[in-house]
Amino acid sequence: MASSKNNPATTTPYTVDQKVRIGHVHLKVADLERALRFYSGVLGLEVMQRYGDGAVFLSAGYHHHIALNTWESLGGSPPAPGTTGLYHTAIVYPTRAALASALRRVLAAEIPLQGAADHGVSESVYLNDPDDNGVELYCDKPQEMWPRTSNGQLAMSTRPLDLHELLREAPLGAELDSGPRDL
């Protein structure tokens with residue numbers, strides 16, 4: 001293996017093109033139908049394609065944002081605490097009202113929240129999917145509202161998010177009328 005001090009890829013400063021985006025997340029799950037009840041039934045992602053009983057691709061208006069599979073994990077258990085792996089998948093909502101609607105559906109499905117925060121640049125709600133993968137539901141604040149230091153650097157923080165205030169922004173009918181409660 002080459003030494004990093006002799007490798008130009010690790011010694012030459014590089015900044016990725018600012019138009020680069022994260023394309024999708026592919027998650028290993030223990031029970032595909034249970035995961036679908038969460039990602040499609042509660043969060044509302046559309047099933048774009050299924051591959052038999054082993055995988056499904058879901059989206060919000062794209063070819064896929066989240067893929068789920070049981071190829072190596074059917075009937076498996078979540079990673080033990082203290083091990084490496086995915087911390088969370090973040091799903092960005094276009095507006096605060098859309099985030100509030102998602103929160104209403106999560107609460108109506110009786111999915112426990114792991115936390116909620118105002119990060120200055122965004123507002124976030126944290127929960128786990130049925131396989132204990134972390135999920136962050138969030139919306140960005142307008143860039144002109146982002147907190148900055150005196151020299152112009154971002155000054156993100158973690159402050160409590162008032163969920164009652166957020167929920168007031170959800171349009172009527174955003175709750176889960178029926179559906180999975182067995183997550």
# chains A, B, ... in the order shown; residues from 1 in each chain; ligands from 1
$ residues_around --residues "segment 100-104 of chain A" --least-positions-apart "3" --cutoff "7 Å" --atoms "only C-alpha atoms" --output "VMD selection string"
chain A and resid 43 96 to 97 107 to 108 166 to 167 169 to 171 174 to 175
$ residues_around --residues "segment 133-145 of chain A" --least-positions-apart "6" --cutoff "6 Å" --atoms "only C-alpha atoms" --output "PDB file with C-alpha atoms, in the first residue's frame"
ATOM      1  CA  TYR A  87     -25.682   7.057  11.591  1.00  0.00           C
ATOM      2  CA  HIS A  88     -28.772   8.302   9.789  1.00  0.00           C
ATOM      3  CA  THR A  89     -30.353   8.952   6.436  1.00  0.00           C
ATOM      4  CA  ALA A  90     -31.481  12.552   6.027  1.00  0.00           C
ATOM      5  CA  ILE A  91     -34.616  13.367   4.058  1.00  0.00           C
ATOM      6  CA  VAL A  92     -34.945  17.044   3.189  1.00  0.00           C
ATOM      7  CA  TYR A  93     -38.423  18.548   2.861  1.00  0.00           C
ATOM      8  CA  VAL A 121     -29.463  26.394   9.189  1.00  0.00           C
ATOM      9  CA  SER A 122     -32.203  23.754   9.383  1.00  0.00           C
ATOM     10  CA  GLU A 123     -34.866  22.226  11.596  1.00  0.00           C
ATOM     11  CA  SER A 124     -34.685  18.481  12.188  1.00  0.00           C
ATOM     12  CA  VAL A 125     -36.700  15.632  13.649  1.00  0.00           C
ATOM     13  CA  TYR A 126     -34.902  12.367  14.416  1.00  0.00           C
ATOM     14  CA  LEU A 127     -36.365   8.864  14.582  1.00  0.00           C
TER      15      LEU A 127
END
$ residues_around --residues "segment 64-78 of chain A" --least-positions-apart "3" --cutoff "7 Å" --atoms "only C-alpha atoms" --output "ChimeraX atom specification"
/A:23-32,48,54-59,131-132
$ select_by_dssp --residues "segment 5-182 of chain A" --states "strand (DSSP E)" --output "ChimeraX atom specification"
/A:25-28,46-51,55-59,66-69,89-92,113-118,122-128,134-140,159-160
$ residues_around --residues "Ser157 of chain A" --least-positions-apart "6" --cutoff "8 Å" --atoms "only C-alpha atoms" --output "PDB file with N, CA and C atoms, in the first residue's frame"
ATOM      1  N   ASP A 118     -33.225  22.563  16.323  1.00  0.00           N
ATOM      2  CA  ASP A 118     -33.056  23.708  15.442  1.00  0.00           C
ATOM      3  C   ASP A 118     -31.550  23.903  15.337  1.00  0.00           C
ATOM      4  N   HIS A 119     -31.002  23.681  14.141  1.00  0.00           N
ATOM      5  CA  HIS A 119     -29.558  23.775  13.942  1.00  0.00           C
ATOM      6  C   HIS A 119     -29.125  25.138  13.398  1.00  0.00           C
ATOM      7  N   GLY A 120     -30.047  26.076  13.386  1.00  0.00           N
ATOM      8  CA  GLY A 120     -29.725  27.400  12.859  1.00  0.00           C
ATOM      9  C   GLY A 120     -29.890  27.454  11.352  1.00  0.00           C
TER      10      GLY A 120
END
$ atom_distance --atom1 "atom CA of Ala117 of chain A" --atom2 "atom CA of Asp162 of chain A"
8.3 Å
$ atom_distance --atom1 "atom CA of Ala80 of chain A" --atom2 "atom CA of Pro130 of chain A"
14.8 Å
$ atom_distance --atom1 "atom CA of Ala60 of chain A" --atom2 "atom CA of Val47 of chain A"
9.1 Å
$ select_by_dssp --residues "segment 9-173 of chain A" --states "alpha helix (DSSP H)" --output "list of chain:residue names"
A:Ala9, A:Thr10, A:Thr11, A:Leu32, A:Glu33, A:Arg34, A:Ala35, A:Leu36, A:Arg96, A:Ala97, A:Ala98, A:Leu99, A:Ala100, A:Ser101, A:Ala102, A:Leu103, A:Arg104, A:Arg105, A:Val106, A:Leu107, A:Ala108, A:Leu163, A:His164, A:Glu165, A:Leu166, A:Leu167
$ closest_residue --among "A:Gln18, A:Thr158, A:Ser40, A:Thr11" --to "Asp129 of chain A" --atoms "only C-alpha atoms"
A:Ser40
$ closest_residue --among "A:Val42, A:Ala98, A:Tyr62, A:Arg34" --to "Glu110 of chain A" --atoms "only C-alpha atoms"
A:Val42
